[in-house]
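Source file protein.tsv; content: TSV, C-alpha atoms.
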chain	number	residue	atom	x	y	z
A	6	MET	CA	-22.67	-22.04	-11.13
A	7	GLY	CA	-20.67	-25.08	-12.27
A	8	SER	CA	-17.48	-23.64	-10.86
A	9	VAL	CA	-18.79	-24.06	-7.32
A	10	GLN	CA	-19.03	-27.82	-7.81
A	11	GLN	CA	-15.42	-27.98	-9.02
A	12	GLN	CA	-14.14	-26.28	-5.87
A	13	LYS	CA	-11.13	-28.02	-4.35
A	14	GLN	CA	-11.42	-30.09	-1.21
A	15	VAL	CA	-9.48	-28.27	1.50
A	16	SER	CA	-9.58	-29.47	5.11
A	17	VAL	CA	-9.58	-27.32	8.26
A	18	PHE	CA	-6.12	-28.70	9.04
A	19	ASP	CA	-4.78	-27.74	5.58
A	20	LEU	CA	-6.08	-24.21	6.11
A	21	PHE	CA	-4.45	-23.93	9.54
A	22	ILE	CA	-1.08	-25.16	8.22
A	23	ALA	CA	-1.16	-22.93	5.13
A	24	PHE	CA	-1.94	-19.74	7.07
A	25	ALA	CA	0.46	-20.64	9.89
A	26	SER	CA	3.26	-20.93	7.32
A	27	ILE	CA	2.25	-17.60	5.82
A	28	GLY	CA	2.47	-16.06	9.30
A	29	LEU	CA	5.93	-17.55	9.87
A	30	ILE	CA	7.55	-16.68	6.54
A	31	GLY	CA	5.83	-13.32	6.10
A	32	PHE	CA	8.63	-10.96	7.05
A	33	GLY	CA	8.12	-7.34	6.04
A	34	GLY	CA	4.51	-7.61	4.87
A	35	VAL	CA	2.43	-10.73	4.60
A	36	MET	CA	0.33	-9.88	1.55
A	37	PRO	CA	2.71	-11.10	-1.20
A	38	TRP	CA	3.09	-14.41	0.66
A	39	VAL	CA	-0.65	-14.89	0.96
A	40	ARG	CA	-1.09	-14.54	-2.78
A	41	TRP	CA	1.83	-16.89	-3.44
A	42	MET	CA	0.54	-19.53	-1.04
A	43	ILE	CA	-3.13	-19.47	-2.07
A	44	VAL	CA	-2.76	-18.97	-5.81
A	45	GLU	CA	0.60	-20.45	-6.79
A	46	ARG	CA	1.69	-22.96	-4.18
A	47	ARG	CA	-1.63	-24.54	-3.14
A	48	ARG	CA	-3.71	-23.49	-6.18
A	49	TRP	CA	-6.81	-23.10	-4.06
A	50	LEU	CA	-7.96	-19.97	-5.92
A	51	SER	CA	-7.35	-18.57	-9.39
A	52	GLU	CA	-5.75	-15.14	-9.75
A	53	LYS	CA	-9.19	-13.66	-10.50
A	54	GLU	CA	-10.84	-15.34	-7.51
A	55	PHE	CA	-8.02	-14.13	-5.28
A	56	LEU	CA	-8.50	-10.54	-6.50
A	57	ASP	CA	-12.19	-10.74	-5.60
A	58	VAL	CA	-11.30	-11.95	-2.10
A	59	LEU	CA	-8.68	-9.19	-1.83
A	60	ALA	CA	-11.16	-6.48	-2.86
A	61	LEU	CA	-13.65	-7.67	-0.26
A	62	SER	CA	-10.95	-7.87	2.41
A	63	GLN	CA	-9.78	-4.32	1.78
A	64	PHE	CA	-13.32	-3.03	1.92
A	65	LEU	CA	-14.10	-4.67	5.28
A	66	PRO	CA	-12.66	-3.33	8.56
A	67	GLY	CA	-9.69	-5.03	10.21
A	68	GLY	CA	-6.36	-6.25	8.93
A	69	ASN	CA	-6.56	-7.06	5.22
A	70	VAL	CA	-4.65	-10.31	5.51
A	71	MET	CA	-6.75	-11.39	8.50
A	72	ASN	CA	-9.86	-10.79	6.42
A	73	ILE	CA	-8.41	-12.81	3.54
A	74	ALA	CA	-7.78	-15.69	5.95
A	75	VAL	CA	-11.39	-15.57	7.15
A	76	CYS	CA	-12.78	-15.38	3.58
A	77	VAL	CA	-10.67	-18.22	2.26
A	78	GLY	CA	-11.26	-20.35	5.36
A	79	SER	CA	-15.04	-19.93	5.29
A	80	ARG	CA	-15.17	-20.55	1.54
A	81	PHE	CA	-13.54	-23.98	1.86
A	82	ALA	CA	-14.51	-25.17	5.35
A	83	GLY	CA	-17.18	-22.88	6.80
A	84	PHE	CA	-16.93	-21.48	10.31
A	85	ALA	CA	-14.27	-23.95	11.51
A	86	GLY	CA	-12.18	-23.18	8.42
A	87	ALA	CA	-12.40	-19.44	9.00
A	88	LEU	CA	-11.40	-19.85	12.64
A	89	ALA	CA	-8.52	-22.23	11.80
A	90	SER	CA	-7.15	-19.89	9.11
A	91	LEU	CA	-7.23	-16.79	11.30
A	92	THR	CA	-5.74	-18.62	14.30
A	93	GLY	CA	-3.02	-20.09	12.09
A	94	LEU	CA	-2.14	-16.66	10.75
A	95	VAL	CA	-1.97	-14.85	14.09
A	96	LEU	CA	-0.85	-17.42	16.69
A	97	ALA	CA	2.80	-18.04	15.82
A	98	PRO	CA	3.63	-14.38	14.96
A	99	ALA	CA	1.97	-13.28	18.23
A	100	LEU	CA	4.19	-15.67	20.21
A	101	ILE	CA	7.28	-14.57	18.28
A	102	VAL	CA	6.62	-10.87	18.81
A	103	ILE	CA	6.17	-11.45	22.55
A	104	MET	CA	9.49	-13.34	22.64
A	105	LEU	CA	11.12	-10.41	20.83
A	106	GLY	CA	9.55	-8.04	23.34
A	107	VAL	CA	10.83	-10.07	26.29
A	108	VAL	CA	14.33	-10.37	24.84
A	109	TYR	CA	14.33	-6.63	24.14
A	110	SER	CA	13.16	-5.67	27.64
A	111	ASN	CA	15.92	-7.84	29.19
A	112	PHE	CA	18.55	-5.97	27.22
A	113	ALA	CA	16.83	-2.59	27.13
A	114	HIS	CA	19.39	-1.10	29.51
A	115	VAL	CA	22.32	-1.87	27.18
A	116	PRO	CA	23.18	1.33	25.27
A	117	ALA	CA	23.92	-0.55	22.03
A	118	VAL	CA	20.48	-2.21	22.17
A	119	GLN	CA	18.83	1.14	22.84
A	120	GLY	CA	20.63	2.54	19.81
A	121	MET	CA	19.55	-0.43	17.72
A	122	ILE	CA	15.88	-0.04	18.64
A	123	ARG	CA	16.09	3.73	18.02
A	124	GLY	CA	17.32	2.94	14.54
A	125	VAL	CA	14.68	0.30	13.84
A	126	SER	CA	11.89	2.54	15.21
A	127	ALA	CA	12.97	5.44	13.00
A	128	ALA	CA	13.25	3.19	9.95
A	129	ALA	CA	9.84	1.60	10.64
A	130	ALA	CA	8.31	5.10	10.78
A	131	GLY	CA	10.04	6.05	7.52
A	132	LEU	CA	8.65	2.95	5.80
A	133	VAL	CA	5.10	4.00	6.73
A	134	ILE	CA	5.62	7.48	5.27
A	135	ALA	CA	7.12	5.98	2.10
A	136	MET	CA	4.12	3.68	1.76
A	137	GLY	CA	1.76	6.65	2.06
A	138	ILE	CA	3.67	8.59	-0.60
A	139	ARG	CA	3.68	5.56	-2.93
A	140	PHE	CA	-0.09	5.39	-2.63
A	141	ILE	CA	-0.37	9.09	-3.51
A	142	LEU	CA	1.46	8.70	-6.82
A	143	PRO	CA	-1.46	7.05	-8.72
A	144	LEU	CA	-3.73	9.83	-7.40
A	145	ARG	CA	-1.51	12.73	-8.51
A	146	ARG	CA	-3.75	13.76	-11.42
A	147	ASN	CA	-6.85	13.60	-9.26
A	148	PRO	CA	-7.30	16.89	-7.34
A	149	ARG	CA	-10.40	15.60	-5.57
A	150	ALA	CA	-8.56	12.60	-4.14
A	151	LEU	CA	-5.52	14.73	-3.18
A	152	LEU	CA	-7.79	17.16	-1.37
A	153	PHE	CA	-9.18	14.34	0.76
A	154	VAL	CA	-5.72	12.85	1.38
A	155	GLY	CA	-4.58	16.24	2.67
A	156	ALA	CA	-7.71	16.90	4.70
A	157	THR	CA	-7.51	13.46	6.35
A	158	ALA	CA	-3.79	13.79	7.14
A	159	VAL	CA	-4.24	17.26	8.65
A	160	ALA	CA	-7.33	16.18	10.61
A	161	ALA	CA	-5.68	13.03	12.00
A	162	ALA	CA	-2.05	14.09	12.55
A	163	GLY	CA	-2.37	17.87	12.81
A	164	TRP	CA	-5.60	18.48	14.71
A	165	GLN	CA	-5.75	15.00	16.28
A	166	ILE	CA	-9.45	14.68	15.47
A	167	PRO	CA	-10.78	11.28	16.63
A	168	LEU	CA	-10.89	8.73	13.81
A	169	ILE	CA	-14.61	8.13	14.20
A	170	TRP	CA	-15.35	11.79	13.30
A	171	ILE	CA	-13.12	11.54	10.26
A	172	LEU	CA	-14.92	8.40	9.15
A	173	VAL	CA	-18.42	9.85	9.56
A	174	SER	CA	-17.59	13.21	7.96
A	175	LEU	CA	-14.80	12.97	5.39
A	176	LEU	CA	-15.58	9.43	4.18
A	177	PRO	CA	-19.19	10.13	3.06
A	178	LEU	CA	-18.05	13.45	1.52
A	179	SER	CA	-15.25	11.67	-0.31
A	180	MET	CA	-17.62	8.98	-1.60
A	181	LEU	CA	-20.21	11.56	-2.63
A	182	THR	CA	-17.73	13.72	-4.55
A	183	GLY	CA	-16.11	10.61	-6.02
A	184	TRP	CA	-19.49	9.53	-7.33
A	185	PHE	CA	-20.33	13.05	-8.56
A	186	PHE	CA	-17.05	13.45	-10.49
A	187	ARG	CA	-17.01	9.88	-11.83
A	188	ARG	CA	-15.93	9.35	-15.39
B	15	MET	CA	-18.08	7.31	35.54
B	16	SER	CA	-15.94	4.80	37.41
B	17	PRO	CA	-12.90	3.56	35.49
B	18	ARG	CA	-13.31	0.12	34.02
B	19	PRO	CA	-10.82	-2.66	34.87
B	20	VAL	CA	-7.81	-2.41	32.59
B	21	LEU	CA	-8.50	-5.71	30.81
B	22	VAL	CA	-12.05	-4.66	29.97
B	23	GLU	CA	-10.80	-1.29	28.75
B	24	LEU	CA	-8.12	-3.02	26.67
B	25	ALA	CA	-10.73	-5.30	25.07
B	26	VAL	CA	-13.17	-2.46	24.36
B	27	GLN	CA	-10.55	-0.10	22.90
B	28	PHE	CA	-8.96	-2.68	20.59
B	29	ALA	CA	-12.32	-4.03	19.44
B	30	LEU	CA	-13.35	-0.45	18.56
B	31	LEU	CA	-10.07	0.16	16.74
B	32	SER	CA	-10.59	-3.04	14.77
B	33	VAL	CA	-14.04	-1.92	13.61
B	34	MET	CA	-12.65	1.46	12.50
B	35	ALA	CA	-9.67	-0.07	10.67
B	36	VAL	CA	-10.97	0.49	7.16
B	37	GLY	CA	-7.97	0.17	4.88
B	38	GLY	CA	-6.11	-2.03	7.35
B	39	VAL	CA	-4.50	-1.80	10.73
B	40	ILE	CA	-2.00	0.79	9.57
B	41	ALA	CA	-4.85	3.28	9.10
B	42	VAL	CA	-5.61	3.25	12.83
B	43	VAL	CA	-2.04	3.93	13.99
B	44	PRO	CA	-2.78	7.60	14.84
B	45	GLU	CA	-5.93	6.61	16.76
B	46	MET	CA	-4.15	3.71	18.50
B	47	HIS	CA	-1.35	6.05	19.56
B	48	LYS	CA	-3.87	8.55	20.94
B	49	THR	CA	-5.78	5.83	22.82
B	50	VAL	CA	-2.79	3.99	24.26
B	51	VAL	CA	-0.41	6.90	24.95
B	52	ASP	CA	-2.51	10.05	25.47
B	53	ILE	CA	-5.89	8.91	26.81
B	54	HIS	CA	-5.07	5.82	28.89
B	55	GLN	CA	-1.33	6.43	29.36
B	56	TRP	CA	-0.62	2.72	29.18
B	57	MET	CA	2.79	3.35	27.65
B	58	SER	CA	5.08	6.21	26.60
B	59	SER	CA	5.14	7.49	23.05
B	60	GLU	CA	8.65	6.06	22.70
B	61	ALA	CA	7.50	2.62	23.93
B	62	PHE	CA	4.71	2.75	21.35
B	63	ALA	CA	7.23	3.38	18.58
B	64	THR	CA	9.36	0.52	19.96
B	65	ALA	CA	6.37	-1.86	19.93
B	66	TRP	CA	5.61	-0.87	16.34
B	67	ALA	CA	9.25	-1.45	15.37
B	68	LEU	CA	9.37	-4.88	17.06
B	69	ALA	CA	6.15	-5.89	15.30
B	70	GLN	CA	7.69	-4.85	11.98
B	71	ALA	CA	10.80	-6.89	12.72
B	72	ALA	CA	8.70	-10.00	13.50
B	73	PRO	CA	7.08	-12.10	10.79
B	74	GLY	CA	3.32	-12.10	10.37
B	75	PRO	CA	0.51	-9.58	9.99
B	76	GLY	CA	1.04	-6.01	11.27
B	77	VAL	CA	-1.87	-6.43	13.66
B	78	ILE	CA	0.39	-8.24	16.15
B	79	VAL	CA	1.61	-4.85	17.38
B	80	VAL	CA	-1.58	-5.06	19.42
B	81	THR	CA	-0.35	-8.29	21.07
B	82	LEU	CA	2.77	-6.49	22.23
B	83	ILE	CA	0.83	-3.51	23.55
B	84	GLY	CA	-1.47	-5.89	25.47
B	85	TRP	CA	1.61	-7.63	26.89
B	86	HIS	CA	3.08	-4.29	27.91
B	87	VAL	CA	-0.15	-3.25	29.67
B	88	ALA	CA	-1.16	-6.48	31.44
B	89	GLY	CA	1.27	-9.32	30.73
B	90	ALA	CA	0.25	-12.60	29.10
B	91	VAL	CA	-3.45	-12.14	29.82
B	92	GLY	CA	-3.28	-8.63	28.37
B	93	ALA	CA	-1.63	-9.97	25.22
B	94	ILE	CA	-4.36	-12.58	24.76
B	95	VAL	CA	-7.19	-10.13	25.50
B	96	ALA	CA	-5.84	-7.49	23.13
B	97	THR	CA	-5.21	-9.98	20.31
B	98	VAL	CA	-8.62	-11.64	20.61
B	99	ALA	CA	-10.32	-8.23	20.88
B	100	VAL	CA	-8.71	-6.97	17.69
B	101	CYS	CA	-9.47	-10.20	15.79
B	102	THR	CA	-13.07	-10.80	16.83
B	103	PRO	CA	-14.98	-7.91	15.19
B	104	SER	CA	-13.26	-8.30	11.84
B	105	PHE	CA	-13.75	-12.08	12.06
B	106	VAL	CA	-17.49	-11.72	12.68
B	107	ILE	CA	-17.98	-9.04	10.02
B	108	THR	CA	-15.84	-10.72	7.38
B	109	TYR	CA	-17.34	-14.15	8.03
B	110	GLY	CA	-20.86	-12.74	7.74
B	111	ILE	CA	-20.26	-10.65	4.63
B	112	SER	CA	-18.10	-13.20	2.79
B	113	ARG	CA	-21.14	-15.50	2.64
B	114	LEU	CA	-23.05	-12.84	0.66
B	115	TRP	CA	-20.22	-11.23	-1.27
B	116	SER	CA	-19.96	-13.10	-4.55
B	117	ARG	CA	-23.35	-11.78	-5.64
B	118	TYR	CA	-22.36	-8.13	-5.15
B	119	SER	CA	-18.68	-7.85	-6.04
B	120	GLN	CA	-19.23	-6.45	-9.53
B	121	HIS	CA	-21.64	-3.73	-8.50
B	122	GLU	CA	-21.17	-0.04	-9.12
B	123	TRP	CA	-21.47	0.88	-5.43
B	124	TYR	CA	-18.28	-0.97	-4.67
B	125	LYS	CA	-16.40	1.30	-7.09
B	126	VAL	CA	-18.03	4.35	-5.50
B	127	PHE	CA	-16.97	3.13	-2.08
B	128	GLU	CA	-13.44	2.44	-3.28
B	129	ARG	CA	-13.06	5.88	-4.88
B	130	GLY	CA	-14.21	7.38	-1.60
B	131	ILE	CA	-12.14	5.30	0.78
B	132	VAL	CA	-8.75	5.30	-0.97
B	133	PRO	CA	-7.90	8.98	-0.30
B	134	ILE	CA	-9.00	8.67	3.34
B	135	THR	CA	-6.85	5.57	3.85
B	136	VAL	CA	-3.82	7.22	2.25
B	137	GLY	CA	-4.29	10.30	4.47
B	138	LEU	CA	-4.47	8.07	7.54
B	139	ILE	CA	-1.33	6.15	6.55
B	140	LEU	CA	0.58	9.42	6.10
B	141	SER	CA	-0.55	10.72	9.47
B	142	GLY	CA	0.39	7.35	10.99
B	143	GLY	CA	3.87	7.89	9.56
B	144	VAL	CA	4.01	11.38	11.10
B	145	VAL	CA	2.85	10.09	14.49
B	146	LEU	CA	5.41	7.27	14.47
B	147	THR	CA	8.17	9.65	13.38
B	148	THR	CA	7.37	12.05	16.19
B	149	ALA	CA	7.39	9.14	18.63
B	150	ALA	CA	10.58	7.53	17.32
B	151	ALA	CA	12.83	10.40	16.29
B	152	SER	CA	14.68	12.17	19.08
B	153	SER	CA	17.73	13.64	17.34
B	154	TRP	CA	18.93	14.89	13.98
B	155	ALA	CA	20.52	11.51	13.37
B	156	THR	CA	17.24	9.62	13.90
B	157	TYR	CA	15.41	12.09	11.64
B	158	GLY	CA	18.15	11.30	9.13
B	159	VAL	CA	17.33	7.59	9.40
B	160	VAL	CA	13.62	8.35	8.86
B	161	ALA	CA	14.44	10.43	5.77
B	162	ALA	CA	16.82	7.80	4.39
B	163	THR	CA	14.19	5.08	4.87
B	164	VAL	CA	11.55	7.18	3.11
B	165	ALA	CA	13.95	7.52	0.18
B	166	PHE	CA	14.68	3.78	0.28
B	167	GLY	CA	10.96	2.95	0.32
B	168	LEU	CA	10.30	5.24	-2.64
B	169	LEU	CA	13.28	4.38	-4.82
B	170	SER	CA	13.89	0.69	-4.13
B	171	ARG	CA	11.80	-2.40	-4.62
B	172	ALA	CA	14.00	-4.39	-2.24
B	173	SER	CA	12.61	-5.89	0.94
B	174	PRO	CA	11.84	-3.36	3.70
B	175	LEU	CA	13.73	-5.69	6.04
B	176	ILE	CA	16.97	-4.43	4.47
B	177	ALA	CA	16.18	-0.91	5.66
B	178	LEU	CA	15.26	-2.14	9.14
B	179	ALA	CA	18.47	-4.19	9.35
B	180	ALA	CA	20.65	-1.31	8.14
B	181	ALA	CA	19.08	1.05	10.68
B	182	ALA	CA	19.60	-1.59	13.40
B	183	VAL	CA	23.32	-1.81	12.57
B	184	ILE	CA	23.72	1.99	12.54
B	185	GLY	CA	22.03	2.14	15.95
B	186	LEU	CA	24.03	-0.80	17.31
B	187	LEU	CA	27.26	0.99	16.41
B	188	GLY	CA	26.19	3.82	18.69
B	189	LEU	CA	25.65	6.37	15.95
B	190	LEU	CA	22.09	7.32	17.00

Would you write the structure of this file as structure tokens?
Amino acid sequence: MGSVQQQKQVSVFDLFIAFASIGLIGFGGVMPWVRWMIVERRRWLSEKEFLDVLALSQFLPGGNVMNIAVCVGSRFAGFAGALASLTGLVLAPALIVIMLGVVYSNFAHVPAVQGMIRGVSAAAAGLVIAMGIRFILPLRRNPRALLFVGATAVAAAGWQIPLIWILVSLLPLSMLTGWFFRR
Amino acid sequence: MSPRPVLVELAVQFALLSVMAVGGVIAVVPEMHKTVVDIHQWMSSEAFATAWALAQAAPGPGVIVVTLIGWHVAGAVGAIVATVAVCTPSFVITYGISRLWSRYSQHEWYKVFERGIVPITVGLILSGGVVLTTAAASSWATYGVVAATVAFGLLSRASPLIALAAAAVIGLLGLL
């Protein structure tokens, strides 16, 4: 347990500033910036420690990057650190997105602006589909996983089954079969 | 059952969505769309797609789409309520669990959970993409933009912002 004693000293203020900068520079996905800031720039965590935090954050509900902020914050400065990190991450982007929304609604009647937002909306939708397909590729030799991908997509998008029913039915089934067919 | 005040409803719905967001906020897009557009009719499907697009164009975590929806529903107070509601459950859960985690991270059950959750998350992301496409695409040209962006996302490692910017220019020129 010697590594715990060697942990870096990181203040609540440092945490707030670091996560606020991640929020501000993180265009088009924050995750790569979080890793860069925590592991490379500030050297608060090693690559291995960061992966552990990432695994936990993906496993817990809520935004992954938000969960990373809470984990890292609480690790270095307890409750105040967790709160400072999460606030830093969300505050500035929330203000910026509201400003964007206000600017947009003031110009929403201009045909060119309507066209622009139609384009961006369509592209943003396409990026989500592409992300889903990219995640399928590593599963392509795994019929069990593909079955559950398909079942979930049909249940959610096709039949519009409430998410909670998907989570209490398909998730345990998926875990059970995943455990049963483990290698 | 009398309807709850809109701010209370906003807080309850986004807190619930946050708890169900296993695999990240993007996994609850279909459910968020259903809640906001179909059940409570706080905004049109098109406005939902616009909010998602604006949140993608802004820096920061994807969760801030919720801020914009809150703003749309009930102004500044709505934005604050929605943002705090979506942050609080995951803050409480993550803060609690992170204190215990290091002892358990290597255990077999985590791998079992991961094998189980990955396909569900991928299915939810795909259906989120379908829901957003249905909300955003209104013509053959916009479906063309969706298709082109899917191809871009699959074939290129460049920043997604390039695709958003290109689509913005095409739309600005009045081609959509």

Which of these, A:Val70, A:Leu65, A:Val133, A:Met104, has the shortest distance to Ile43 in chain A once you count all atoms listed in the file?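 Once distances to Ile43 in chain A are computed over all atoms listed in the file, the minimum belongs to A:Val70.
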
Quick one: distance from CA of Lys125 in chain B to CA of Leu61 in chain A in Å, one decimal?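 Interatomic distance, CA of Lys125 in chain B to CA of Leu61 in chain A: 11.6 Å.
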
Close residues, Gln63 in chain A itself excluded, 8 Å, all atoms listed in the file, min 5 positions apart in chain, as a list in words: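 After dropping sequence-adjacent residues, the list is Asn69 and Asn72 of chain A; Val36, Gly37 and Gly38 of chain B.
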
Do me a favour and pick out the residues of chain B within 6 Å of chain A, using all atoms listed in the file, as a ChimeraX atom specification. /B:32-33,35-39,63-64,67,72-75,78,104,112,126-127,129-130,133-134,136-141,143,146-147,150-151,160,163-164,167-168,174-175,178,181-182,185-186,188,190

Tell me, as a VMD selection string, which residues lie within 10 Å of Val15 in chain A, counting only C-alpha atoms; anything in the same chain fewer than 6 positions away does not count. chain A and resid 47 49 78 80 to 82 86

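Nearest residue to Val77 in chain B among B:Val144, B:Val159, B:Leu169, B:Leu31 is B:Leu31, counting all atoms listed in the file.
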
Name the closest residue to Ala89 in chain A among the candidates A:Asn147, A:Ser16, A:Ser110, A:Ser51; distances are taken between atoms, counting only C-alpha atoms.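 Ranking A:Asn147, A:Ser16, A:Ser110, A:Ser51 by distance to Ala89 in chain A, first place goes to A:Ser16.
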
Please measure the separation of CA of Ser153 in chain B and CA of Ser173 in chain B, giving the value in Å to one decimal.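 Interatomic distance, CA of Ser153 in chain B to CA of Ser173 in chain B: 26.0 Å.
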
Centre, edges in Å (one decimal): axis-aligned box, range 17-22 of chain A, 4 Å padding on all six sides, as JSON:
{"center_x": -5.3, "center_y": -26.3, "center_z": 7.6, "size_x": 16.5, "size_y": 12.8, "size_z": 12.0}

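Put simply, CA of Trp66 in chain B is 19.8 Å away from CA of Val91 in chain B.
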
Could you rebuild range 155-178 of chain B with N, CA and C atoms and give it back as a compact mmCIF listing (two decimals), keeping the file's coordinate frame?
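So out02.txt came out as:
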# COMPACT_ATOMS: atom_id res chain seq x y z
N ALA B 155 20.09 12.77 13.98
CA ALA B 155 20.52 11.51 13.37
C ALA B 155 19.33 10.58 13.13
N THR B 156 18.39 10.51 14.11
CA THR B 156 17.24 9.62 13.90
C THR B 156 16.32 10.17 12.82
N TYR B 157 16.17 11.52 12.76
CA TYR B 157 15.41 12.09 11.64
C TYR B 157 16.08 11.73 10.31
N GLY B 158 17.41 11.70 10.33
CA GLY B 158 18.15 11.30 9.13
C GLY B 158 17.82 9.88 8.72
N VAL B 159 17.69 8.98 9.71
CA VAL B 159 17.33 7.59 9.40
C VAL B 159 15.92 7.53 8.82
N VAL B 160 14.99 8.31 9.40
CA VAL B 160 13.62 8.35 8.86
C VAL B 160 13.66 8.78 7.40
N ALA B 161 14.38 9.90 7.14
CA ALA B 161 14.44 10.43 5.77
C ALA B 161 15.06 9.42 4.82
N ALA B 162 16.15 8.78 5.26
CA ALA B 162 16.82 7.80 4.39
C ALA B 162 15.89 6.63 4.09
N THR B 163 15.10 6.21 5.08
CA THR B 163 14.19 5.08 4.87
C THR B 163 13.06 5.47 3.93
N VAL B 164 12.58 6.72 4.05
CA VAL B 164 11.55 7.18 3.11
C VAL B 164 12.10 7.08 1.69
N ALA B 165 13.33 7.57 1.51
CA ALA B 165 13.95 7.52 0.18
C ALA B 165 14.09 6.07 -0.29
N PHE B 166 14.53 5.20 0.61
CA PHE B 166 14.68 3.78 0.28
C PHE B 166 13.33 3.20 -0.16
N GLY B 167 12.28 3.49 0.63
CA GLY B 167 10.96 2.95 0.32
C GLY B 167 10.42 3.45 -1.01
N LEU B 168 10.82 4.68 -1.39
CA LEU B 168 10.30 5.24 -2.64
C LEU B 168 11.10 4.77 -3.85
N LEU B 169 12.42 4.60 -3.67
CA LEU B 169 13.28 4.38 -4.82
C LEU B 169 13.60 2.91 -5.05
N SER B 170 13.44 2.07 -4.01
CA SER B 170 13.89 0.69 -4.13
C SER B 170 12.72 -0.27 -4.02
N ARG B 171 12.82 -1.36 -4.73
CA ARG B 171 11.80 -2.40 -4.62
C ARG B 171 12.30 -3.53 -3.72
N ALA B 172 13.44 -3.34 -3.11
CA ALA B 172 14.00 -4.39 -2.24
C ALA B 172 13.16 -4.54 -0.98
N SER B 173 13.39 -5.62 -0.26
CA SER B 173 12.61 -5.89 0.94
C SER B 173 12.82 -4.80 1.99
N PRO B 174 11.73 -4.36 2.63
CA PRO B 174 11.84 -3.36 3.70
C PRO B 174 12.73 -3.83 4.84
N LEU B 175 12.89 -5.16 4.96
CA LEU B 175 13.73 -5.69 6.04
C LEU B 175 15.16 -5.20 5.91
N ILE B 176 15.61 -4.94 4.67
CA ILE B 176 16.97 -4.43 4.47
C ILE B 176 17.13 -3.09 5.18
N ALA B 177 16.12 -2.22 5.01
CA ALA B 177 16.18 -0.91 5.66
C ALA B 177 16.17 -1.05 7.18
N LEU B 178 15.31 -1.94 7.68
CA LEU B 178 15.26 -2.14 9.14
C LEU B 178 16.60 -2.64 9.65
